[in-house]
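To start, the structure itself, in structure tokens.
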Amino acid sequence: MTAAQRERAALVETMREVGPDAPTLCGDWTTRDLAAHLVVRERRLDATPGIMLPALAGYTDKVQRRTAQTDWEELLDKVASGPPLYSPFKLLDPVANMGEMYIHHEDVRRAQSGWEPRPLDDSTVNALTRSLPLMAKMTLAKAPARMTLKTPQGKVLATVGKGQPLTIVGEAQELLLFISGRDEVRLDFDGDPATVEAVRGNRRGL
């Protein structure tokens, strides 16, 4: 089982524990809405483009709302089974879905009260770390600072953006969540307070 498959299984288990109406960090989406998003992303190739392209988002939203009406256990089973054979995500699962499953798992976990970062195995951390430099360039290129993303051990994972210098220190998985637009993270910011505020308030994510 790959790291992406293990994270998928953990996500489904957490969704099952909190139930279909639990909040997530994805705006006003419940866990049911998030599960429907994952199903549409992997199984409805006609609607997948609307996830990234605003011009097609209306149709995707319509398909997702309809998908969300599926029986909860059936919906979870579809998420758990992964991409079908006809999906391009089938072959790309270890790469394309590692970050997707981890980020959305934390979207569920960290929307609940009393959350704490969870320990991750080395293969999961390594997979998330590999995706971070490219993700940072995609999400932070227009950020109002020159940001250096660094681990607590001093390893620089990415440097991106223009403006005043700002160093953000944290575990790779926490940095990945932050550059993906999540604020429920454990990070240290080293820079001018106004720059920190501007970066935190700037739109992040794809």
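Ordered as shown in the structure tokens, chains take letters A, B, and onward, while each chain numbers its residues from 1 and ligands are numbered from 1 in the order shown.
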
TODO: Can you pull out every residue within 8 Å of Ile179 of chain A, counting only C-alpha atoms, but drop anything in the same chain fewer than 2 positions away, and send it as a list of chain:residue names?
DONE: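 What passes the distance filter is A:Met135, A:Ala136, A:Thr139, A:Leu140, A:Leu175, A:Leu176, A:Leu177, A:Gly181, A:Arg182, A:Arg204, A:Gly205.
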
Keeping C-alpha atoms, export the residues of the selection given above as a PDB file, in the first residue's frame.
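Result went into selection.pdb, see below:
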ATOM      1  CA  MET A 135       3.149  23.685  -4.794  1.00  0.00           C
ATOM      2  CA  ALA A 136       4.814  26.732  -3.235  1.00  0.00           C
ATOM      3  CA  THR A 139       0.375  29.123  -4.765  1.00  0.00           C
ATOM      4  CA  LEU A 140       2.755  31.814  -3.509  1.00  0.00           C
ATOM      5  CA  LEU A 175       4.020  24.244   5.544  1.00  0.00           C
ATOM      6  CA  LEU A 176       2.091  22.370   2.856  1.00  0.00           C
ATOM      7  CA  LEU A 177      -1.197  23.079   4.614  1.00  0.00           C
ATOM      8  CA  GLY A 181      -4.667  28.117   2.153  1.00  0.00           C
ATOM      9  CA  ARG A 182      -5.166  26.608   5.589  1.00  0.00           C
ATOM     10  CA  ARG A 204      -3.252  31.171  -0.840  1.00  0.00           C
ATOM     11  CA  GLY A 205      -4.002  27.922  -2.605  1.00  0.00           C
TER      12      GLY A 205
END

- [ ] Fewer than 5 positions away in the same chain doesn't count, so skip those; otherwise give me all residues within 10 Å of segment 88-98 of chain A, counting only C-alpha atoms, as a list in words.
- [x]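 Neighbouring residues, sequence-local ones excluded: Met1, Thr2, Ala3, Ala4, Gln5, Arg6, Glu7, Arg8, Arg41, Glu42, Arg43, Leu45, Gly82, Pro83, Ile103, Thr124, Ala127, Leu128, Arg130 and Ser131 of chain A.
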
C-alpha atoms of the current selection, written as a PDB file, in the first residue's frame:
ATOM      1  CA  MET A   1       0.000   0.000   0.000  1.00  0.00           C
ATOM      2  CA  THR A   2       1.381   3.404  -0.996  1.00  0.00           C
ATOM      3  CA  ALA A   3       1.524   6.427   1.302  1.00  0.00           C
ATOM      4  CA  ALA A   4      -1.335   7.980  -0.701  1.00  0.00           C
ATOM      5  CA  GLN A   5      -3.470   4.869  -0.232  1.00  0.00           C
ATOM      6  CA  ARG A   6      -2.779   4.806   3.500  1.00  0.00           C
ATOM      7  CA  GLU A   7      -3.750   8.450   3.799  1.00  0.00           C
ATOM      8  CA  ARG A   8      -6.933   7.826   1.806  1.00  0.00           C
ATOM      9  CA  ARG A  41     -12.819  14.695  -8.927  1.00  0.00           C
ATOM     10  CA  GLU A  42     -11.944  11.061  -9.619  1.00  0.00           C
ATOM     11  CA  ARG A  43     -15.073   9.644 -11.225  1.00  0.00           C
ATOM     12  CA  LEU A  45     -14.346  13.423 -15.839  1.00  0.00           C
ATOM     13  CA  GLY A  82      -9.936   5.123  -5.134  1.00  0.00           C
ATOM     14  CA  PRO A  83      -9.910   6.167  -8.783  1.00  0.00           C
ATOM     15  CA  ILE A 103      -4.774  18.095   3.041  1.00  0.00           C
ATOM     16  CA  THR A 124       4.267  10.093   4.138  1.00  0.00           C
ATOM     17  CA  ALA A 127       6.047  12.266  -0.178  1.00  0.00           C
ATOM     18  CA  LEU A 128       4.573  15.518   1.119  1.00  0.00           C
ATOM     19  CA  ARG A 130       8.645  16.278  -2.469  1.00  0.00           C
ATOM     20  CA  SER A 131       5.462  18.046  -3.557  1.00  0.00           C
TER      21      SER A 131
END

Task: Given only C-alpha atoms as the counted atoms, nearest of A:Glu171, A:Asp122, A:Glu13, A:Asp192 to Leu76 of chain A - done: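 Once distances to Leu76 of chain A are computed over only C-alpha atoms, the minimum belongs to A:Glu13.
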
Open item on the list: Nearest residue to Gly27 of chain A out of A:Ala47, A:Val108, A:Ile168, A:Met15, using only C-alpha atoms?
Closed with: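 Checking each of A:Ala47, A:Val108, A:Ile168, A:Met15 against Gly27 of chain A, counting only C-alpha atoms, the winner is A:Val108.
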
Task: 7 Å contact set for Pro144 of chain A, only C-alpha atoms, chain neighbours under 3 positions out, as a ChimeraX atom specification - done: /A:161-163,198-199

Task: 9 Å contact set for Pro117 of chain A, only C-alpha atoms, chain neighbours under 2 positions out, as a ChimeraX atom specification - done: /A:106,110,115,119,174,185-186

Open item on the list: I need the residue nearest Leu187 of chain A from this list: A:Thr151, A:Ser87, A:Thr67, A:Ser113. Use only C-alpha atoms for the distance.
Closed with: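 Of A:Thr151, A:Ser87, A:Thr67, A:Ser113, the one nearest Leu187 of chain A, counting only C-alpha atoms, is A:Thr151.
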
Open item on the list: Let me make sure I understand: among A:Asp77, A:Asp121, A:Asp107, A:Glu184, which one has the smallest atom-to-atom distance to Arg16 of chain A if we use only C-alpha atoms?
Closed with: A:Asp77

Task: Test item, strand (DSSP E) assignment across segment 7-180 of chain A, answer as a list in words - done: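 Selection result, strand (DSSP E) within segment 7-180 of chain A: Arg146, Met147, Thr148, Leu149, Lys150, Val156, Leu157, Ala158, Thr159, Val160, Pro165, Leu166, Thr167, Ile168 and Val169 of chain A.
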
Keeping only C-alpha atoms, write the selected residues to a file as a tab-separated table (two decimals), in the first residue's frame.
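Dumped to out.tsv:
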chain	number	residue	atom	x	y	z
A	146	ARG	CA	10.04	36.89	-0.29
A	147	MET	CA	9.30	33.76	1.69
A	148	THR	CA	11.68	31.06	2.77
A	149	LEU	CA	9.99	27.85	3.91
A	150	LYS	CA	12.22	26.01	6.33
A	156	VAL	CA	15.16	25.13	3.23
A	157	LEU	CA	12.32	23.53	1.28
A	158	ALA	CA	11.38	26.48	-0.94
A	159	THR	CA	11.98	30.18	-1.51
A	160	VAL	CA	9.30	32.05	-3.41
A	165	PRO	CA	11.96	38.77	3.56
A	166	LEU	CA	9.92	36.38	5.67
A	167	THR	CA	10.96	33.00	7.01
A	168	ILE	CA	8.28	30.46	7.86
A	169	VAL	CA	9.44	27.54	9.98

Open item on the list: Can you tell me which residues surround Arg66 of chain A at a distance of at most 10 Å, considering only C-alpha atoms, apart from same-chain residues fewer than 5 positions away, and format the answer as a PyMOL selection string?
Closed with: chain A and resi 36+60-61

Open item on the list: Let's see if you can do this: from backbone DSSP, list all helix (DSSP H, G or I) residues in segment 72-190 of chain A, as a ChimeraX atom specification.
Closed with: /A:72-81,89-96,98-109,122-140,172-179

- [ ] To one decimal in Å, tell me the separation between atom CA of Thr24 of chain A and atom CA of Gln112 of chain A.
- [x]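 Between atom CA of Thr24 of chain A and atom CA of Gln112 of chain A the gap is 7.8 Å.
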
Task: Selected residue of minimal separation from Val79 of chain A among A:Ala9, A:Glu17, A:Thr31, A:Ala111, counting only C-alpha atoms - done: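 Between A:Ala9, A:Glu17, A:Thr31, A:Ala111, the residue approaching Val79 of chain A most closely is A:Ala9.
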
TODO: Could you check which of A:Arg65, A:Arg44, A:Lys155, A:Arg109 is closest to Leu11 of chain A, using only C-alpha atoms?
DONE: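 Checking each of A:Arg65, A:Arg44, A:Lys155, A:Arg109 against Leu11 of chain A, counting only C-alpha atoms, the winner is A:Arg109.
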